[in-house]
2 protein chains.
Amino acid sequence: MAPRSGCPINAAVEALGDQWSLIVLRDIIFGDRRSFRELLNGSLEGIASNILSSRLKSLVAAGLLSHEPAERGRRGRYSLTEAGIQTLPIIVALGNWGLDWRTGTPELRIRQQLMRDEGPSFLDDFMDELRVRHLGAAPARPDAPSPLARLQAAFEEQSRNAG
Amino acid sequence: MAPRSGCPINAAVEALGDQWSLIVLRDIIFGDRRSFRELLNGSLEGIASNILSSRLKSLVAAGLLSHEPAERGRRGRYSLTEAGIQTLPIIVALGNWGLDWRTGTPELRIRQQLMRDEGPSFLDDFMDELRVRHLGAAPARPDAPSPLARLQAAFEEQSRNAG
């Protein structure tokens, strides 16, 4: 389908589709959920199975995800493409706005706060890590701490404090 | 309505609503369109009147816009709130993705390219200008060139070259 205009903002808005597409990308990026089942069962917002299915299809069609179908003994798996990895700055900008203008749950806010405190170089390192995990790239700095592991550790510590 | 989760990314996604809400914010920010009529008639993507009406209402309800109703001799007018002005980084992140991953129309891409080339300080100045235009703030630097005028000049020059 042709886009509604030649504006780059509109092009991105059309590619990302609706609210659920962004939430699915968030769960793939930050939750490292790669299968339909993990995305469905782990959904914090309770995404419906038919919505998840249609959004995954449209994200593949828009070039943001690739899909290896299930084969004998191996589950189907979704991976971010480079274009999908580069949605990270959009998702982080959304999260920064949410930190400032909405209340929420401390353990769900701590990762966003950490990304904001760490600044752009953390996002660059995180995108490099996503290239390793999703595109099979070689690690740029094999001995550097994993940004995803740091985000996960912050989430777990905050969850323990809340519990 | 309660948000579906306490996640700040989800909160922003719910506040911004669907594709058309982002396109309406884009037109208010970059096109300085402040009335229903200007937003409808100027729409590059051909937004339908009932969609525009519902998205303006939900942007007001979400605290991103304020609305002065029409009075005798004066048109109704929409203004960005501070929360609305702070969606600029989200919209710019979307546009940067569109520049990299989609083709489009040169005169519609030149403003996004200029913002990317100028970097974060240009966005800070642009948000200051939006505070003057929409919130009645005093100009931080009265003699500085207007970022909106620079974007508009770049668009017009590119349109002439294309014509």
# chains A, B, ... in the order shown; residues from 1 in each chain; ligands from 1

$ interface_residues --of "chain B" --to "chain A" --cutoff "8 Å" --atoms "only C-alpha atoms" --output "ChimeraX atom specification"
/B:4-14,17-19,22-23,44-45,83,86-87,89-99,101-105,108-109,112

$ write_last_selection --atoms "C-alpha atoms" --output "JSON list (two decimals), in the first residue's frame"
[["chain", "number", "residue", "atom", "x", "y", "z"],
["B", 4, "ARG", "CA", -3.63, -0.99, 30.93],
["B", 5, "SER", "CA", -0.40, -1.14, 32.94],
["B", 6, "GLY", "CA", 1.95, 1.05, 34.99],
["B", 7, "CYS", "CA", 4.62, 1.08, 32.26],
["B", 8, "PRO", "CA", 5.69, 4.58, 31.09],
["B", 9, "ILE", "CA", 5.97, 3.47, 27.45],
["B", 10, "ASN", "CA", 2.44, 2.11, 27.55],
["B", 11, "ALA", "CA", 1.22, 5.32, 29.25],
["B", 12, "ALA", "CA", 2.60, 7.43, 26.39],
["B", 13, "VAL", "CA", 1.22, 5.10, 23.76],
["B", 14, "GLU", "CA", -2.23, 5.29, 25.34],
["B", 17, "GLY", "CA", -3.70, 7.23, 20.89],
["B", 18, "ASP", "CA", -3.60, 6.24, 17.28],
["B", 19, "GLN", "CA", -1.80, 7.30, 14.11],
["B", 22, "LEU", "CA", 0.36, 12.01, 16.08],
["B", 23, "ILE", "CA", -0.38, 13.49, 12.65],
["B", 44, "LEU", "CA", -1.73, 16.40, 3.60],
["B", 45, "GLU", "CA", -3.06, 12.95, 4.43],
["B", 83, "ALA", "CA", 2.88, 18.01, 27.94],
["B", 86, "GLN", "CA", 7.15, 17.68, 25.10],
["B", 87, "THR", "CA", 5.90, 15.23, 22.49],
["B", 89, "PRO", "CA", 11.18, 14.46, 20.80],
["B", 90, "ILE", "CA", 8.82, 11.56, 20.05],
["B", 91, "ILE", "CA", 7.69, 13.09, 16.76],
["B", 92, "VAL", "CA", 11.27, 13.90, 15.77],
["B", 93, "ALA", "CA", 12.37, 10.32, 16.60],
["B", 94, "LEU", "CA", 9.58, 9.04, 14.34],
["B", 95, "GLY", "CA", 10.69, 11.39, 11.54],
["B", 96, "ASN", "CA", 14.33, 10.31, 11.84],
["B", 97, "TRP", "CA", 13.26, 6.71, 11.43],
["B", 98, "GLY", "CA", 11.18, 7.68, 8.37],
["B", 99, "LEU", "CA", 14.19, 9.47, 6.82],
["B", 101, "TRP", "CA", 13.87, 3.62, 6.31],
["B", 102, "ARG", "CA", 11.33, 5.04, 3.90],
["B", 103, "THR", "CA", 11.44, 7.11, 0.75],
["B", 104, "GLY", "CA", 9.29, 10.21, 0.46],
["B", 105, "THR", "CA", 8.96, 13.69, -0.99],
["B", 108, "LEU", "CA", 8.56, 17.03, 3.06],
["B", 109, "ARG", "CA", 11.88, 15.54, 4.16],
["B", 112, "GLN", "CA", 13.38, 16.62, 9.29]]

$ calpha_fit_and_write --fixed "chain A" --moving "chain B" --output "PDB file with C-alpha atoms, in the first residue's frame"
ATOM      1  CA  MET B   1      -0.006   0.036  -0.002  1.00  0.00           C
ATOM      2  CA  ALA B   2       1.238   3.512  -0.847  1.00  0.00           C
ATOM      3  CA  PRO B   3       1.695   5.806   2.183  1.00  0.00           C
ATOM      4  CA  ARG B   4      -0.811   8.612   2.614  1.00  0.00           C
ATOM      5  CA  SER B   5       1.894  11.233   2.029  1.00  0.00           C
ATOM      6  CA  GLY B   6       5.646  11.577   1.446  1.00  0.00           C
ATOM      7  CA  CYS B   7       6.267  12.910   4.965  1.00  0.00           C
ATOM      8  CA  PRO B   8       8.842  10.928   7.007  1.00  0.00           C
ATOM      9  CA  ILE B   9       6.848  11.330  10.244  1.00  0.00           C
ATOM     10  CA  ASN B  10       3.766   9.937   8.547  1.00  0.00           C
ATOM     11  CA  ALA B  11       5.829   7.085   7.054  1.00  0.00           C
ATOM     12  CA  ALA B  12       7.005   6.031  10.526  1.00  0.00           C
ATOM     13  CA  VAL B  13       3.532   6.347  11.993  1.00  0.00           C
ATOM     14  CA  GLU B  14       2.125   4.136   9.239  1.00  0.00           C
ATOM     15  CA  ALA B  15       4.900   1.533   9.653  1.00  0.00           C
ATOM     16  CA  LEU B  16       4.493   1.339  13.417  1.00  0.00           C
ATOM     17  CA  GLY B  17       0.776   1.025  13.016  1.00  0.00           C
ATOM     18  CA  ASP B  18      -1.242   1.224  16.161  1.00  0.00           C
ATOM     19  CA  GLN B  19      -0.636   1.156  19.912  1.00  0.00           C
ATOM     20  CA  TRP B  20      -0.251  -2.595  20.088  1.00  0.00           C
ATOM     21  CA  SER B  21       2.543  -2.699  17.518  1.00  0.00           C
ATOM     22  CA  LEU B  22       4.660  -0.452  19.739  1.00  0.00           C
ATOM     23  CA  ILE B  23       3.863  -2.567  22.796  1.00  0.00           C
ATOM     24  CA  VAL B  24       4.862  -5.756  20.932  1.00  0.00           C
ATOM     25  CA  LEU B  25       8.172  -4.152  19.888  1.00  0.00           C
ATOM     26  CA  ARG B  26       8.737  -3.064  23.500  1.00  0.00           C
ATOM     27  CA  ASP B  27       8.266  -6.648  24.722  1.00  0.00           C
ATOM     28  CA  ILE B  28      10.630  -8.065  22.089  1.00  0.00           C
ATOM     29  CA  ILE B  29      13.292  -5.425  22.844  1.00  0.00           C
ATOM     30  CA  PHE B  30      13.140  -5.229  26.652  1.00  0.00           C
ATOM     31  CA  GLY B  31      11.653  -8.625  27.496  1.00  0.00           C
ATOM     32  CA  ASP B  32      13.670 -10.563  24.908  1.00  0.00           C
ATOM     33  CA  ARG B  33      10.481 -12.481  24.058  1.00  0.00           C
ATOM     34  CA  ARG B  34      10.882 -14.113  20.696  1.00  0.00           C
ATOM     35  CA  SER B  35       7.982 -16.536  20.255  1.00  0.00           C
ATOM     36  CA  PHE B  36       4.260 -15.968  19.841  1.00  0.00           C
ATOM     37  CA  ARG B  37       3.638 -17.910  23.068  1.00  0.00           C
ATOM     38  CA  GLU B  38       6.096 -15.855  25.153  1.00  0.00           C
ATOM     39  CA  LEU B  39       4.667 -12.609  23.793  1.00  0.00           C
ATOM     40  CA  LEU B  40       1.109 -13.703  24.534  1.00  0.00           C
ATOM     41  CA  ASN B  41       1.653 -15.176  27.989  1.00  0.00           C
ATOM     42  CA  GLY B  42       4.015 -12.453  29.211  1.00  0.00           C
ATOM     43  CA  SER B  43       1.840  -9.545  28.126  1.00  0.00           C
ATOM     44  CA  LEU B  44       1.451  -7.041  30.943  1.00  0.00           C
ATOM     45  CA  GLU B  45      -1.389  -5.323  29.111  1.00  0.00           C
ATOM     46  CA  GLY B  46      -3.181  -8.571  28.293  1.00  0.00           C
ATOM     47  CA  ILE B  47      -2.912  -8.460  24.502  1.00  0.00           C
ATOM     48  CA  ALA B  48      -5.511 -10.692  22.825  1.00  0.00           C
ATOM     49  CA  SER B  49      -4.230 -13.570  20.727  1.00  0.00           C
ATOM     50  CA  ASN B  50      -5.837 -12.365  17.465  1.00  0.00           C
ATOM     51  CA  ILE B  51      -4.462  -8.834  17.947  1.00  0.00           C
ATOM     52  CA  LEU B  52      -0.959 -10.172  18.639  1.00  0.00           C
ATOM     53  CA  SER B  53      -1.133 -12.328  15.546  1.00  0.00           C
ATOM     54  CA  SER B  54      -2.228  -9.471  13.279  1.00  0.00           C
ATOM     55  CA  ARG B  55       0.349  -7.034  14.697  1.00  0.00           C
ATOM     56  CA  LEU B  56       3.208  -9.516  14.261  1.00  0.00           C
ATOM     57  CA  LYS B  57       2.172 -10.009  10.631  1.00  0.00           C
ATOM     58  CA  SER B  58       2.044  -6.278   9.954  1.00  0.00           C
ATOM     59  CA  LEU B  59       5.416  -5.688  11.685  1.00  0.00           C
ATOM     60  CA  VAL B  60       6.947  -8.372   9.429  1.00  0.00           C
ATOM     61  CA  ALA B  61       5.271  -6.804   6.365  1.00  0.00           C
ATOM     62  CA  ALA B  62       6.613  -3.359   7.350  1.00  0.00           C
ATOM     63  CA  GLY B  63      10.153  -4.767   7.588  1.00  0.00           C
ATOM     64  CA  LEU B  64      10.545  -4.293  11.358  1.00  0.00           C
ATOM     65  CA  LEU B  65      10.593  -7.990  12.257  1.00  0.00           C
ATOM     66  CA  SER B  66      11.630 -11.185  10.511  1.00  0.00           C
ATOM     67  CA  HIS B  67      10.060 -14.554  11.233  1.00  0.00           C
ATOM     68  CA  GLU B  68      11.574 -18.040  11.148  1.00  0.00           C
ATOM     69  CA  PRO B  69       8.637 -20.437  11.067  1.00  0.00           C
ATOM     70  CA  ALA B  70       8.515 -23.428  13.423  1.00  0.00           C
ATOM     71  CA  GLU B  71      10.189 -26.629  12.162  1.00  0.00           C
ATOM     72  CA  ARG B  72      10.375 -30.063  13.668  1.00  0.00           C
ATOM     73  CA  GLY B  73      11.802 -29.749  17.150  1.00  0.00           C
ATOM     74  CA  ARG B  74      12.170 -25.953  16.926  1.00  0.00           C
ATOM     75  CA  ARG B  75       9.718 -23.188  17.792  1.00  0.00           C
ATOM     76  CA  GLY B  76       8.942 -20.338  15.451  1.00  0.00           C
ATOM     77  CA  ARG B  77      10.895 -17.246  16.343  1.00  0.00           C
ATOM     78  CA  TYR B  78      10.681 -13.501  15.673  1.00  0.00           C
ATOM     79  CA  SER B  79      13.772 -11.323  15.308  1.00  0.00           C
ATOM     80  CA  LEU B  80      14.185  -7.588  15.007  1.00  0.00           C
ATOM     81  CA  THR B  81      15.560  -6.339  11.700  1.00  0.00           C
ATOM     82  CA  GLU B  82      17.965  -3.375  11.648  1.00  0.00           C
ATOM     83  CA  ALA B  83      14.926  -1.144  10.946  1.00  0.00           C
ATOM     84  CA  GLY B  84      13.240  -2.706  13.998  1.00  0.00           C
ATOM     85  CA  ILE B  85      16.291  -2.126  16.184  1.00  0.00           C
ATOM     86  CA  GLN B  86      16.267   1.520  15.134  1.00  0.00           C
ATOM     87  CA  THR B  87      12.808   2.018  16.614  1.00  0.00           C
ATOM     88  CA  LEU B  88      14.538   2.041  20.035  1.00  0.00           C
ATOM     89  CA  PRO B  89      14.934   5.860  20.088  1.00  0.00           C
ATOM     90  CA  ILE B  90      11.203   6.230  19.367  1.00  0.00           C
ATOM     91  CA  ILE B  91      10.244   3.836  22.157  1.00  0.00           C
ATOM     92  CA  VAL B  92      12.645   5.513  24.591  1.00  0.00           C
ATOM     93  CA  ALA B  93      11.238   8.966  23.687  1.00  0.00           C
ATOM     94  CA  LEU B  94       7.746   7.627  24.433  1.00  0.00           C
ATOM     95  CA  GLY B  95       8.931   6.236  27.778  1.00  0.00           C
ATOM     96  CA  ASN B  96      10.600   9.518  28.762  1.00  0.00           C
ATOM     97  CA  TRP B  97       7.338  11.320  28.129  1.00  0.00           C
ATOM     98  CA  GLY B  98       5.502   8.720  30.251  1.00  0.00           C
ATOM     99  CA  LEU B  99       7.986   9.213  33.115  1.00  0.00           C
ATOM    100  CA  ASP B 100       7.358  12.956  33.133  1.00  0.00           C
ATOM    101  CA  TRP B 101       3.636  13.129  32.505  1.00  0.00           C
ATOM    102  CA  ARG B 102       2.070   9.996  33.925  1.00  0.00           C
ATOM    103  CA  THR B 103       2.302   8.069  37.165  1.00  0.00           C
ATOM    104  CA  GLY B 104       2.936   4.339  37.091  1.00  0.00           C
ATOM    105  CA  THR B 105       4.512   1.377  38.837  1.00  0.00           C
ATOM    106  CA  PRO B 106       8.038   1.898  40.299  1.00  0.00           C
ATOM    107  CA  GLU B 107       9.410  -1.421  39.035  1.00  0.00           C
ATOM    108  CA  LEU B 108       8.100  -0.640  35.553  1.00  0.00           C
ATOM    109  CA  ARG B 109       9.602   2.854  35.615  1.00  0.00           C
ATOM    110  CA  ILE B 110      13.102   2.041  36.866  1.00  0.00           C
ATOM    111  CA  ARG B 111      14.430   0.804  33.506  1.00  0.00           C
ATOM    112  CA  GLN B 112      13.264   3.926  31.725  1.00  0.00           C
ATOM    113  CA  GLN B 113      14.845   6.059  34.442  1.00  0.00           C
ATOM    114  CA  LEU B 114      18.134   4.173  34.087  1.00  0.00           C
ATOM    115  CA  MET B 115      18.150   4.706  30.305  1.00  0.00           C
ATOM    116  CA  ARG B 116      17.491   8.411  30.775  1.00  0.00           C
ATOM    117  CA  ASP B 117      20.219   8.741  33.431  1.00  0.00           C
ATOM    118  CA  GLU B 118      22.754   6.881  31.293  1.00  0.00           C
ATOM    119  CA  GLY B 119      22.075   8.935  28.157  1.00  0.00           C
ATOM    120  CA  PRO B 120      22.652   8.303  24.431  1.00  0.00           C
ATOM    121  CA  SER B 121      25.778   6.105  24.737  1.00  0.00           C
ATOM    122  CA  PHE B 122      23.788   3.519  26.697  1.00  0.00           C
ATOM    123  CA  LEU B 123      21.235   3.382  23.857  1.00  0.00           C
ATOM    124  CA  ASP B 124      24.022   2.925  21.312  1.00  0.00           C
ATOM    125  CA  ASP B 125      25.418   0.016  23.351  1.00  0.00           C
ATOM    126  CA  PHE B 126      21.921  -1.439  23.729  1.00  0.00           C
ATOM    127  CA  MET B 127      21.350  -1.295  19.961  1.00  0.00           C
ATOM    128  CA  ASP B 128      24.698  -3.075  19.479  1.00  0.00           C
ATOM    129  CA  GLU B 129      23.528  -5.782  21.871  1.00  0.00           C
ATOM    130  CA  LEU B 130      20.243  -6.128  19.959  1.00  0.00           C
ATOM    131  CA  ARG B 131      22.278  -6.609  16.751  1.00  0.00           C
ATOM    132  CA  VAL B 132      24.126  -9.474  18.442  1.00  0.00           C
ATOM    133  CA  ARG B 133      20.926 -11.070  19.767  1.00  0.00           C
ATOM    134  CA  HIS B 134      18.726 -10.593  16.715  1.00  0.00           C
ATOM    135  CA  LEU B 135      21.004 -10.276  13.692  1.00  0.00           C
ATOM    136  CA  GLY B 136      23.868 -12.537  14.748  1.00  0.00           C
ATOM    137  CA  ALA B 137      26.345  -9.642  14.691  1.00  0.00           C
ATOM    138  CA  ALA B 138      29.705 -10.040  16.447  1.00  0.00           C
ATOM    139  CA  PRO B 139      29.812  -8.163  19.789  1.00  0.00           C
ATOM    140  CA  ALA B 140      31.441  -4.751  19.350  1.00  0.00           C
ATOM    141  CA  ARG B 141      32.923  -4.928  22.876  1.00  0.00           C
ATOM    142  CA  PRO B 142      32.759  -8.553  24.120  1.00  0.00           C
ATOM    143  CA  ASP B 143      33.830  -7.702  27.696  1.00  0.00           C
ATOM    144  CA  ALA B 144      31.437  -4.763  28.193  1.00  0.00           C
ATOM    145  CA  PRO B 145      28.495  -5.307  30.576  1.00  0.00           C
ATOM    146  CA  SER B 146      25.238  -6.158  28.791  1.00  0.00           C
ATOM    147  CA  PRO B 147      22.805  -3.205  28.776  1.00  0.00           C
ATOM    148  CA  LEU B 148      19.873  -5.645  28.782  1.00  0.00           C
ATOM    149  CA  ALA B 149      21.301  -7.428  31.855  1.00  0.00           C
ATOM    150  CA  ARG B 150      21.721  -4.047  33.598  1.00  0.00           C
ATOM    151  CA  LEU B 151      18.107  -3.100  32.844  1.00  0.00           C
ATOM    152  CA  GLN B 152      16.901  -6.496  34.036  1.00  0.00           C
ATOM    153  CA  ALA B 153      18.950  -6.245  37.277  1.00  0.00           C
ATOM    154  CA  ALA B 154      17.490  -2.802  38.005  1.00  0.00           C
ATOM    155  CA  PHE B 155      13.970  -4.157  37.453  1.00  0.00           C
ATOM    156  CA  GLU B 156      14.566  -7.151  39.739  1.00  0.00           C
ATOM    157  CA  GLU B 157      16.081  -5.062  42.506  1.00  0.00           C
ATOM    158  CA  GLN B 158      13.170  -2.627  42.412  1.00  0.00           C
ATOM    159  CA  SER B 159      10.676  -5.522  42.395  1.00  0.00           C
ATOM    160  CA  ARG B 160      12.313  -6.995  45.528  1.00  0.00           C
ATOM    161  CA  ASN B 161      12.165  -3.618  47.267  1.00  0.00           C
ATOM    162  CA  ALA B 162       8.477  -3.356  46.419  1.00  0.00           C
ATOM    163  CA  GLY B 163       7.738  -6.931  47.550  1.00  0.00           C
TER     164      GLY B 163
END

$ select_by_dssp --residues "range 21-80 of chain B" --states "strand (DSSP E)" --output "MDAnalysis selection string"
chainID B and resid 65:68 77:80
